[in-house]
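Colleague: Structure file query.pdb (PDB, C-alpha atoms and all ligand atoms) is given on the next line.
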```pdb
ATOM      1  CA  MET G   1      12.708 -15.661 -29.417
ATOM      2  CA  ASN G   2      14.838 -12.560 -29.433
ATOM      3  CA  THR G   3      13.932 -10.266 -26.541
ATOM      4  CA  PHE G   4      17.070  -8.129 -26.767
ATOM      5  CA  GLN G   5      16.295  -4.400 -27.052
ATOM      6  CA  GLN G   6      18.968  -2.144 -28.455
ATOM      7  CA  ASN G   7      19.056   1.466 -27.202
ATOM      8  CA  ASP G   8      21.380   2.722 -29.897
ATOM      9  CA  PRO G   9      19.602   3.348 -33.228
ATOM     10  CA  LEU G  10      22.918   2.957 -35.044
ATOM     11  CA  LEU G  11      23.113  -0.711 -34.107
ATOM     12  CA  PRO G  12      20.821  -3.556 -35.202
ATOM     13  CA  GLY G  13      17.969  -4.382 -32.820
ATOM     14  CA  TYR G  14      16.691  -0.863 -32.073
ATOM     15  CA  SER G  15      12.863  -0.918 -31.965
ATOM     16  CA  PHE G  16      12.074   2.448 -33.659
ATOM     17  CA  ASN G  17       8.981   2.673 -31.480
ATOM     18  CA  VAL G  18       9.098   6.480 -31.605
ATOM     19  CA  HIS G  19       7.656   9.345 -33.623
ATOM     20  CA  LEU G  20      10.916  10.879 -34.688
ATOM     21  CA  VAL G  21      14.504   9.841 -34.141
ATOM     22  CA  SER G  22      17.526  11.179 -35.967
ATOM     23  CA  GLY G  23      21.276  10.792 -36.129
ATOM     24  CA  LEU G  24      24.474  10.567 -38.073
ATOM     25  CA  THR G  25      25.856   7.177 -39.036
ATOM     26  CA  PRO G  26      29.615   7.585 -39.448
ATOM     27  CA  ILE G  27      30.656   4.510 -41.394
ATOM     28  CA  GLU G  28      34.413   4.106 -41.767
ATOM     29  CA  LYS G  29      36.044   1.179 -43.488
ATOM     30  CA  ALA G  30      36.566  -1.605 -40.922
ATOM     31  CA  GLY G  31      35.110   0.658 -38.217
ATOM     32  CA  LYS G  32      32.398  -0.058 -35.679
ATOM     33  CA  PHE G  33      29.557   0.808 -38.052
ATOM     34  CA  ASP G  34      30.963  -0.783 -41.174
ATOM     35  CA  PHE G  35      28.149  -3.241 -41.791
ATOM     36  CA  PHE G  36      25.139  -3.267 -44.084
ATOM     37  CA  ILE G  37      21.873  -1.879 -42.854
ATOM     38  CA  ASP G  38      19.698  -4.874 -43.617
ATOM     39  CA  ARG G  39      15.986  -4.677 -42.852
ATOM     40  CA  PRO G  40      14.212  -6.902 -45.367
ATOM     41  CA  LYS G  41      10.775  -5.794 -44.172
ATOM     42  CA  GLY G  42      11.696  -2.138 -43.757
ATOM     43  CA  LEU G  43      10.339  -0.166 -40.800
ATOM     44  CA  ASN G  44       6.908   1.198 -39.871
ATOM     45  CA  GLY G  45       7.863   4.815 -40.483
ATOM     46  CA  TYR G  46       9.715   6.722 -43.191
ATOM     47  CA  ILE G  47      13.457   7.322 -43.320
ATOM     48  CA  ILE G  48      15.252  10.077 -45.159
ATOM     49  CA  ASN G  49      19.022   9.736 -45.494
ATOM     50  CA  LEU G  50      21.345  12.527 -46.520
ATOM     51  CA  THR G  51      24.774  11.521 -47.722
ATOM     52  CA  TYR G  52      27.216  13.904 -46.126
ATOM     53  CA  ALA G  53      30.568  12.464 -47.139
ATOM     54  CA  GLY G  54      31.856   9.415 -48.989
ATOM     55  CA  GLN G  55      29.393   7.262 -50.886
ATOM     56  CA  GLY G  56      26.820   4.647 -50.054
ATOM     57  CA  THR G  57      25.236   1.937 -52.167
ATOM     58  CA  ILE G  58      21.565   1.050 -51.973
ATOM     59  CA  TYR G  59      20.704  -2.481 -53.181
ATOM     60  CA  ARG G  60      17.431  -4.029 -54.253
ATOM     61  CA  ASN G  61      17.474  -7.580 -55.627
ATOM     62  CA  GLN G  62      20.009  -7.494 -58.459
ATOM     63  CA  GLU G  63      19.957  -3.725 -58.810
ATOM     64  CA  PHE G  64      21.644  -0.905 -56.944
ATOM     65  CA  PHE G  65      22.475   2.777 -57.051
ATOM     66  CA  ASN G  66      25.088   4.923 -55.335
ATOM     67  CA  CYS G  67      24.476   8.085 -53.378
ATOM     68  CA  HIS G  68      26.873  10.999 -53.345
ATOM     69  CA  PRO G  69      27.280  13.894 -50.929
ATOM     70  CA  GLY G  70      24.141  16.051 -51.051
ATOM     71  CA  ASP G  71      21.815  13.219 -52.200
ATOM     72  CA  PHE G  72      18.659  12.451 -50.248
ATOM     73  CA  VAL G  73      17.077   8.991 -50.220
ATOM     74  CA  LEU G  74      13.558   8.315 -48.962
ATOM     75  CA  PHE G  75      12.479   4.889 -47.722
ATOM     76  CA  PRO G  76       8.711   4.656 -47.221
ATOM     77  CA  PRO G  77       7.236   2.302 -44.590
ATOM     78  CA  LYS G  78       7.831  -1.419 -45.268
ATOM     79  CA  GLU G  79      10.277  -0.681 -48.074
ATOM     80  CA  PRO G  80      13.208  -3.119 -47.683
ATOM     81  CA  HIS G  81      16.547  -1.600 -46.627
ATOM     82  CA  LEU G  82      19.830  -3.011 -47.774
ATOM     83  CA  TYR G  83      22.543  -0.440 -47.917
ATOM     84  CA  GLY G  84      26.017   0.422 -46.739
ATOM     85  CA  ARG G  85      29.379   1.949 -47.602
ATOM     86  CA  LYS G  86      30.209   1.749 -51.285
ATOM     87  CA  ASP G  87      32.736  -0.992 -51.718
ATOM     88  CA  ASP G  88      35.643   1.132 -52.923
ATOM     89  CA  GLU G  89      35.020   4.100 -50.596
ATOM     90  CA  ASN G  90      36.818   4.580 -47.303
ATOM     91  CA  ASN G  91      33.786   5.962 -45.586
ATOM     92  CA  TRP G  92      30.163   6.874 -45.843
ATOM     93  CA  PHE G  93      28.777   9.454 -43.435
ATOM     94  CA  HIS G  94      25.048   9.902 -43.669
ATOM     95  CA  PHE G  95      22.571  11.865 -41.605
ATOM     96  CA  TRP G  96      19.138  10.322 -41.240
ATOM     97  CA  ILE G  97      15.698  11.028 -39.839
ATOM     98  CA  TYR G  98      13.218   8.284 -39.035
ATOM     99  CA  PHE G  99       9.679   9.606 -38.629
ATOM    100  CA  ARG G 100       5.987   8.838 -38.604
ATOM    101  CA  PRO G 101       4.576  11.564 -40.823
ATOM    102  CA  ARG G 102       1.735  13.857 -39.872
ATOM    103  CA  SER G 103      -1.364  12.766 -41.686
ATOM    104  CA  THR G 104      -1.404  15.835 -43.949
ATOM    105  CA  TRP G 105       2.042  15.050 -45.394
ATOM    106  CA  LYS G 106       1.044  12.486 -47.973
ATOM    107  CA  TYR G 107       1.519  14.924 -50.858
ATOM    108  CA  LEU G 108       5.023  15.775 -49.630
ATOM    109  CA  LEU G 109       6.195  12.181 -49.570
ATOM    110  CA  THR G 110       5.656  11.233 -53.179
ATOM    111  CA  TRP G 111       9.230  11.541 -54.413
ATOM    112  CA  GLU G 112      10.520  10.297 -57.693
ATOM    113  CA  ASN G 113      11.324   6.611 -57.239
ATOM    114  CA  ARG G 114      14.794   5.314 -57.972
ATOM    115  CA  LEU G 115      14.440   1.609 -57.221
ATOM    116  CA  GLU G 116      10.959   0.255 -56.550
ATOM    117  CA  ASN G 117       9.475   2.582 -53.906
ATOM    118  CA  THR G 118      12.751   4.055 -52.720
ATOM    119  CA  GLY G 119      12.684   7.768 -53.491
ATOM    120  CA  PHE G 120      15.686   9.800 -54.505
ATOM    121  CA  TYR G 121      16.350  13.521 -54.662
ATOM    122  CA  ARG G 122      19.468  15.374 -55.741
ATOM    123  CA  PRO G 123      18.920  19.104 -55.145
ATOM    124  CA  SER G 124      20.063  21.691 -57.647
ATOM    125  CA  ILE G 125      23.164  23.733 -56.755
ATOM    126  CA  LYS G 126      20.870  26.661 -55.905
ATOM    127  CA  VAL G 127      19.203  24.910 -52.966
ATOM    128  CA  LYS G 128      21.727  22.215 -52.066
ATOM    129  CA  GLU G 129      23.261  24.157 -49.200
ATOM    130  CA  GLU G 130      19.922  25.389 -47.859
ATOM    131  CA  LEU G 131      18.311  21.939 -47.777
ATOM    132  CA  GLU G 132      21.418  20.261 -46.398
ATOM    133  CA  GLN G 133      21.744  22.780 -43.560
ATOM    134  CA  LEU G 134      18.056  22.536 -42.741
ATOM    135  CA  PHE G 135      18.211  18.743 -42.678
ATOM    136  CA  ILE G 136      21.242  18.703 -40.376
ATOM    137  CA  LYS G 137      19.533  21.204 -38.099
ATOM    138  CA  ILE G 138      16.506  18.886 -37.860
ATOM    139  CA  VAL G 139      18.793  16.004 -36.937
ATOM    140  CA  GLU G 140      20.256  18.149 -34.183
ATOM    141  CA  VAL G 141      16.854  19.302 -32.871
ATOM    142  CA  GLY G 142      15.601  15.702 -33.056
ATOM    143  CA  GLN G 143      18.356  14.719 -30.628
ATOM    144  CA  SER G 144      17.684  17.515 -28.199
ATOM    145  CA  THR G 145      16.057  16.784 -24.851
ATOM    146  CA  ILE G 146      14.521  20.245 -24.494
ATOM    147  CA  ILE G 147      10.774  20.341 -24.077
ATOM    148  CA  TYR G 148       8.829  20.306 -27.381
ATOM    149  CA  SER G 149      11.945  19.461 -29.371
ATOM    150  CA  GLU G 150      10.137  16.600 -31.123
ATOM    151  CA  ASN G 151       7.336  18.990 -32.126
ATOM    152  CA  LEU G 152       9.885  21.503 -33.350
ATOM    153  CA  ALA G 153      11.748  18.836 -35.322
ATOM    154  CA  MET G 154       8.458  17.705 -36.906
ATOM    155  CA  SER G 155       7.610  21.269 -37.937
ATOM    156  CA  MET G 156      11.065  21.781 -39.388
ATOM    157  CA  LEU G 157      10.770  18.496 -41.216
ATOM    158  CA  GLU G 158       7.511  19.652 -42.777
ATOM    159  CA  GLN G 159       9.283  22.829 -43.846
ATOM    160  CA  PHE G 160      12.084  20.764 -45.358
ATOM    161  CA  LEU G 161       9.606  18.580 -47.252
ATOM    162  CA  ILE G 162       7.726  21.609 -48.560
ATOM    163  CA  ARG G 163      10.923  23.329 -49.707
ATOM    164  CA  ARG G 164      12.014  20.134 -51.411
ATOM    165  CA  ALA G 165       8.635  19.771 -53.130
ATOM    166  CA  GLN G 166       8.821  23.391 -54.314
ATOM    167  CA  GLU G 167      12.275  22.862 -55.748
ATOM    168  CA  SER G 168      11.972  19.380 -57.218
ATOM    169  CA  SER G 169      10.765  18.471 -60.642
ATOM    170  CA  ASP G 170       8.569  15.658 -59.310
ATOM    171  CA  THR G 171       5.896  18.018 -58.039
ATOM    172  CA  PHE G 172       3.133  15.891 -59.422
ATOM    173  CA  ALA G 173       2.380  15.627 -55.729
ATOM    174  CA  LEU G 174      -1.272  16.231 -55.106
ATOM    175  CA  SER G 175      -2.344  19.283 -53.222
ATOM    176  CA  ILE G 176      -5.004  18.897 -50.598
ATOM    177  CA  ASP G 177      -8.603  19.819 -51.347
ATOM    178  CA  ASN G 178      -9.780  22.824 -49.371
ATOM    179  CA  ARG G 179     -12.813  20.947 -48.085
ATOM    180  CA  VAL G 180     -10.572  18.224 -46.692
ATOM    181  CA  LEU G 181      -8.478  20.859 -44.909
ATOM    182  CA  GLN G 182     -11.671  22.374 -43.492
ATOM    183  CA  VAL G 183     -12.646  18.970 -42.135
ATOM    184  CA  CYS G 184      -9.195  18.549 -40.574
ATOM    185  CA  ASN G 185      -9.462  21.916 -38.857
ATOM    186  CA  TYR G 186     -12.940  21.137 -37.601
ATOM    187  CA  LEU G 187     -11.790  17.789 -36.210
ATOM    188  CA  ILE G 188      -8.812  19.370 -34.455
ATOM    189  CA  ASP G 189     -11.034  22.070 -32.925
ATOM    190  CA  THR G 190     -13.460  19.483 -31.584
ATOM    191  CA  LEU G 191     -10.952  16.837 -30.545
ATOM    192  CA  ASP G 192     -12.083  16.894 -26.924
ATOM    193  CA  GLN G 193     -15.652  16.070 -27.886
ATOM    194  CA  ASN G 194     -16.460  12.450 -27.411
ATOM    195  CA  LYS G 195     -19.120  12.184 -30.087
ATOM    196  CA  PHE G 196     -18.119  12.079 -33.691
ATOM    197  CA  LEU G 197     -20.896  12.965 -36.112
ATOM    198  CA  LEU G 198     -20.186  12.583 -39.762
ATOM    199  CA  ASP G 199     -23.306  14.656 -40.454
ATOM    200  CA  ASN G 200     -21.757  17.681 -38.724
ATOM    201  CA  VAL G 201     -18.561  17.244 -40.710
ATOM    202  CA  ALA G 202     -20.484  17.003 -43.977
ATOM    203  CA  ASP G 203     -22.559  20.084 -43.097
ATOM    204  CA  LYS G 204     -19.400  22.112 -42.583
ATOM    205  CA  VAL G 205     -18.367  21.556 -46.174
ATOM    206  CA  CYS G 206     -21.832  21.369 -47.745
ATOM    207  CA  LEU G 207     -21.368  17.853 -49.098
ATOM    208  CA  SER G 208     -23.164  14.599 -48.474
ATOM    209  CA  THR G 209     -21.633  12.314 -45.858
ATOM    210  CA  SER G 210     -20.685   9.703 -48.439
ATOM    211  CA  ARG G 211     -19.085  12.288 -50.752
ATOM    212  CA  ILE G 212     -16.883  13.893 -48.099
ATOM    213  CA  ALA G 213     -15.985  10.463 -46.688
ATOM    214  CA  HIS G 214     -14.869   9.428 -50.158
ATOM    215  CA  ILE G 215     -12.866  12.600 -50.952
ATOM    216  CA  PHE G 216     -11.210  12.517 -47.539
ATOM    217  CA  LYS G 217     -10.098   8.913 -47.835
ATOM    218  CA  ASP G 218      -8.881   9.454 -51.334
ATOM    219  CA  GLN G 219      -6.707  12.398 -50.344
ATOM    220  CA  MET G 220      -5.562  11.404 -46.880
ATOM    221  CA  GLY G 221      -5.233   7.665 -47.355
ATOM    222  CA  MET G 222      -7.425   6.938 -44.320
ATOM    223  CA  SER G 223     -10.995   7.465 -43.179
ATOM    224  CA  ILE G 224     -12.138  10.573 -41.294
ATOM    225  CA  GLY G 225     -12.564   8.487 -38.144
ATOM    226  CA  GLU G 226      -9.074   6.992 -38.415
ATOM    227  CA  TRP G 227      -7.559  10.421 -38.968
ATOM    228  CA  GLN G 228      -9.345  11.850 -35.955
ATOM    229  CA  GLN G 229      -8.167   8.906 -33.850
ATOM    230  CA  GLU G 230      -4.570   9.619 -34.917
ATOM    231  CA  GLN G 231      -4.887  13.237 -33.860
ATOM    232  CA  ARG G 232      -6.337  12.206 -30.518
ATOM    233  CA  ILE G 233      -3.461   9.865 -29.857
ATOM    234  CA  SER G 234      -0.898  12.490 -30.947
ATOM    235  CA  ARG G 235      -2.411  15.020 -28.570
ATOM    236  CA  ALA G 236      -2.433  12.439 -25.784
ATOM    237  CA  LYS G 237       1.264  11.736 -26.379
ATOM    238  CA  ILE G 238       2.149  15.409 -26.102
ATOM    239  CA  LEU G 239       0.136  15.782 -22.890
ATOM    240  CA  LEU G 240       1.692  12.641 -21.399
ATOM    241  CA  GLN G 241       5.169  13.907 -22.166
ATOM    242  CA  THR G 242       4.763  17.491 -21.173
ATOM    243  CA  THR G 243       2.214  17.698 -18.338
ATOM    244  CA  GLN G 244       1.533  16.171 -14.948
ATOM    245  CA  MET G 245      -2.154  15.647 -15.763
ATOM    246  CA  ASN G 246      -3.479  12.251 -14.796
ATOM    247  CA  ILE G 247      -4.397   9.689 -17.419
ATOM    248  CA  ALA G 248      -8.164  10.148 -17.104
ATOM    249  CA  GLU G 249      -7.860  13.935 -17.556
ATOM    250  CA  ILE G 250      -5.673  13.472 -20.603
ATOM    251  CA  GLY G 251      -8.162  11.005 -22.047
ATOM    252  CA  LEU G 252     -10.960  13.552 -21.576
ATOM    253  CA  CYS G 253      -8.980  16.344 -23.271
ATOM    254  CA  CYS G 254      -8.517  14.057 -26.248
ATOM    255  CA  GLY G 255     -12.149  12.988 -26.550
ATOM    256  CA  PHE G 256     -12.019   9.700 -24.616
ATOM    257  CA  GLU G 257     -14.653   9.697 -21.899
ATOM    258  CA  ASP G 258     -13.767   6.224 -20.740
ATOM    259  CA  GLN G 259     -10.256   5.841 -19.343
ATOM    260  CA  LEU G 260     -10.114   2.097 -19.959
ATOM    261  CA  TYR G 261     -11.084   2.568 -23.570
ATOM    262  CA  PHE G 262      -8.483   5.333 -23.919
ATOM    263  CA  SER G 263      -5.753   3.085 -22.504
ATOM    264  CA  ARG G 264      -6.770   0.214 -24.749
ATOM    265  CA  ILE G 265      -6.744   2.324 -27.933
ATOM    266  CA  PHE G 266      -3.495   4.048 -26.954
ATOM    267  CA  LYS G 267      -1.789   0.726 -26.327
ATOM    268  CA  LYS G 268      -3.028  -0.698 -29.594
ATOM    269  CA  ARG G 269      -1.666   2.254 -31.531
ATOM    270  CA  ILE G 270       1.580   3.000 -29.665
ATOM    271  CA  GLY G 271       2.425  -0.422 -28.258
ATOM    272  CA  LEU G 272       2.556   0.845 -24.653
ATOM    273  CA  SER G 273      -0.081   1.870 -22.129
ATOM    274  CA  PRO G 274      -0.290   5.644 -21.465
ATOM    275  CA  GLN G 275       1.448   5.156 -18.087
ATOM    276  CA  LYS G 276       4.272   3.120 -19.606
ATOM    277  CA  TYR G 277       4.612   5.571 -22.473
ATOM    278  CA  ARG G 278       4.978   8.457 -20.016
ATOM    279  CA  TYR G 279       7.565   6.530 -18.034
ATOM    280  CA  SER G 280       9.483   5.393 -21.111
ATOM    281  CA  THR G 281       9.745   8.907 -22.580
ATOM    282  CA  GLN G 282      11.068  10.161 -19.231
ATOM    283  CA  GLU G 283      13.588   7.316 -19.237
ATOM    284  CA  GLN G 284      14.497   7.981 -22.860
ATOM    285  CA  ASN G 285      15.165  11.617 -22.037
ATOM    286  CA  LYS G 286      17.430  10.607 -19.174
ATOM    287  CA  ARG G 287      19.287   8.213 -21.450
ATOM    288  CA  LYS G 288      19.599  10.833 -24.178
ATOM    289  CA  ILE G 289      21.300  13.124 -21.688
ATOM    290  CA  GLU G 290      23.657  10.318 -20.659
ATOM    291  CA  ASN G 291      24.390   9.461 -24.275
ATOM    292  CA  ILE G 292      24.643  12.948 -25.605
ATOM    293  CA  ASN G 293      28.405  13.126 -25.216
ATOM    294  CA  SER G 294      28.946   9.858 -26.933
ATOM    295  CA  LEU G 295      26.878  10.951 -29.920
ATOM    296  CA  TYR G 296      29.068  11.407 -32.882
ATOM    297  CA  LEU G 297      27.835  14.755 -34.132
ATOM    298  CA  PHE G 298      29.007  18.204 -35.030
ATOM    299  CA  ASP G 299      32.447  18.273 -33.420
ATOM    300  CA  LYS G 300      33.421  15.124 -35.346
ATOM    301  CA  LYS G 301      32.151  16.629 -38.550
ATOM    302  CA  SER G 302      34.948  19.107 -38.968
ATOM    303  CA  HIS G 303      37.461  16.414 -38.080
ATOM    304  CA  PHE G 304      36.012  14.301 -40.860
ATOM    305  CA  ILE G 305      36.111  16.982 -43.548
ATOM    306  CA  GLU G 306      39.804  17.465 -42.965
ATOM    307  CA  SER G 307      40.669  13.786 -43.120
TER     308      SER G 307
HETATM  309  C1  LIG A 401      20.507   3.661 -38.556
HETATM  310  C2  LIG A 401      21.085   3.614 -39.947
HETATM  311  C3  LIG A 401      20.542   4.729 -40.775
HETATM  312  C4  LIG A 401      19.037   4.735 -40.724
HETATM  313  C5  LIG A 401      18.583   4.758 -39.295
HETATM  314  C6  LIG A 401      17.087   4.754 -39.207
HETATM  315  O1  LIG A 401      20.898   2.514 -37.847
HETATM  316  O2  LIG A 401      22.478   3.732 -39.884
HETATM  317  O3  LIG A 401      20.946   4.578 -42.108
HETATM  318  O4  LIG A 401      18.542   3.606 -41.350
HETATM  319  O5  LIG A 401      19.092   3.643 -38.624
END
```
Output the file's structure as structure tokens, nothing else.

Modeller:
Amino acid sequence: MNTFQQNDPLLPGYSFNVHLVSGLTPIEKAGKFDFFIDRPKGLNGYIINLTYAGQGTIYRNQEFFNCHPGDFVLFPPKEPHLYGRKDDENNWFHFWIYFRPRSTWKYLLTWENRLENTGFYRPSIKVKEELEQLFIKIVEVGQSTIIYSENLAMSMLEQFLIRRAQESSDTFALSIDNRVLQVCNYLIDTLDQNKFLLDNVADKVCLSTSRIAHIFKDQMGMSIGEWQQEQRISRAKILLQTTQMNIAEIGLCCGFEDQLYFSRIFKKRIGLSPQKYRYSTQEQNKRKIENINSLYLFDKKSHFIES
């Protein structure tokens, strides 16, 4: 059994047990990172890669495609990854963001597929610079240790996805029904209430319980109850990271009256108990600060362009 845990997301073995992590993978021929990213079962979240310099090749069974500077590639959850520097290129520098999307993002993540479910987007000249700069900025914010930086990176990522959807030709993406949005708002406003009554939700939008349950699932890809649970856990994560409140208080703020139940659900969803999650994010922040100088980011970029 392999119990080795890698702390560097650029090297194989990193767990990706996070909401958002971002970086630059600077692959140079025969260099430290010159190997294929090979994850036959994909990851649990999405990845977007932006080719910054050189070229990469993405393989799937017998097929492949190359990505050029300015190209974005989207790997949905569980989509196999097999990609690396294009054989005859000296390097491939790509920025990337790994993320668990907010539950309202489904319509923003239906990109045109290039190979199986791997999405591809090459922006027009008009927006290339804008989207590239925004993406790199998100990578930078995603690596920051400042309070709320993950929230900020998530908001910027939503902005990026919306701008991309506005500018791309694959905007067959569905837009969300107003009644579903109303339900989402209602659920967020009442997140601290322990009781969940589908009748109240249905009343809000003047539909029968079965009708709204059906429309919601169809649009959001999960039931109303599952969505609400996700929001509760997200709020709990923010409170664990950013406050000194004790676990029972946090549970209450997120609609869990029973602390044991809260801990059990949190662990099931996140893989760690609330206490361990709090500790691990504090540790991660410390490590980020230690690693920050060794991160190969903006100062190396100019060096690379010249070479
Ligand atoms: C890094 C890879 C990058 C991306 C992230 C999630 O190790 O270099 O392409 O897959 O992981």

Colleague: So which residues touch Pro40 in chain G within 8 Å, counting all atoms listed in the file, skipping near sequence neighbours fewer than 2 positions away, as an MDAnalysis selection string?

Modeller: chainID G and resid 38 42 79:82

Colleague: Include C-alpha atoms and write out the residues we just selected as a short mmCIF file (atom, residue, chain, number, x, y, z; two decimals), in the frame of the given file.

Modeller:
```cif
data_model
loop_
_atom_site.label_atom_id
_atom_site.label_comp_id
_atom_site.auth_asym_id
_atom_site.auth_seq_id
_atom_site.Cartn_x
_atom_site.Cartn_y
_atom_site.Cartn_z
CA ASP G 38 19.70 -4.87 -43.62
CA GLY G 42 11.70 -2.14 -43.76
CA GLU G 79 10.28 -0.68 -48.07
CA PRO G 80 13.21 -3.12 -47.68
CA HIS G 81 16.55 -1.60 -46.63
CA LEU G 82 19.83 -3.01 -47.77
#
```

Colleague: Please identify every residue of chain G that has at least one atom no farther than 6 Å from an atom of ligand LIG 401 (chain A), counting all atoms listed in the file, and for each give the shortest atom pair and the distance in Å to one decimal, arranged by chain then increasing number, as JSON lines.

Modeller:
```
{"residue": "G:Pro9", "atom": "CA", "partner": "A:LIG401", "partner_atom": "O1", "distance": 4.9}
{"residue": "G:Leu10", "atom": "CA", "partner": "A:LIG401", "partner_atom": "O1", "distance": 3.5}
{"residue": "G:Leu11", "atom": "CA", "partner": "A:LIG401", "partner_atom": "O1", "distance": 5.4}
{"residue": "G:Thr25", "atom": "CA", "partner": "A:LIG401", "partner_atom": "O2", "distance": 4.9}
{"residue": "G:Trp96", "atom": "CA", "partner": "A:LIG401", "partner_atom": "C4", "distance": 5.6}
{"residue": "G:Tyr98", "atom": "CA", "partner": "A:LIG401", "partner_atom": "C6", "distance": 5.2}
```

Colleague: Running the PyMOL selection byres (((chain G and resi 94) around 9) and not hetatm) on this model by hand, what would come out? Give it as a PyMOL selection string.

Modeller: chain G and resi 23-27+49-56+69+92-93+95-96

Colleague: Could you tell me how far CA of Val183 in chain G lies from CA of Gln219 in chain G, in Å and to one decimal?

Modeller: 12.1 Å

Colleague: Using all atoms listed in the file, pick whichever of G:Glu130, G:Asp8, G:Asp203, G:Glu140 has the shortest atom-to-atom distance to Glu167 in chain G.

Modeller: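 Closest to Glu167 in chain G of all the choices is G:Glu130.
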
Colleague: Kindly resolve the PyMOL selection byres (((chain G and resi 234) around 12) and not hetatm) on the present coordinates and return the residues as a ChimeraX atom specification.

Modeller: /G:18-19,100-103,150-151,188,191,227-233,235-241,250-251,253-254,266,269-270,274

Colleague: Can you work out which one of G:Asn90, G:Thr57, G:Asn7, G:Gln159 has the shortest atom-to-atom distance to Phe36 in chain G, counting all atoms listed in the file?

Modeller: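 Closest candidate: G:Thr57.
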
Colleague: Could you tell me which of G:Ser208, G:Ser273, G:Ser155, G:Gln282 comes closest to Leu20 in chain G if we count only C-alpha atoms?

Modeller: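 Using only C-alpha atoms, the shortest distance to Leu20 in chain G belongs to G:Ser155.
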
Colleague: CA of Gln259 in chain G and CA of Ile224 in chain G are how many Å apart?

Modeller: 22.5 Å

Colleague: Could you please determine the separation between CA of Thr104 in chain G and CA of Leu152 in chain G in Å, to one decimal place?

Modeller: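 Separating CA of Thr104 in chain G from CA of Leu152 in chain G is a distance of 16.5 Å.
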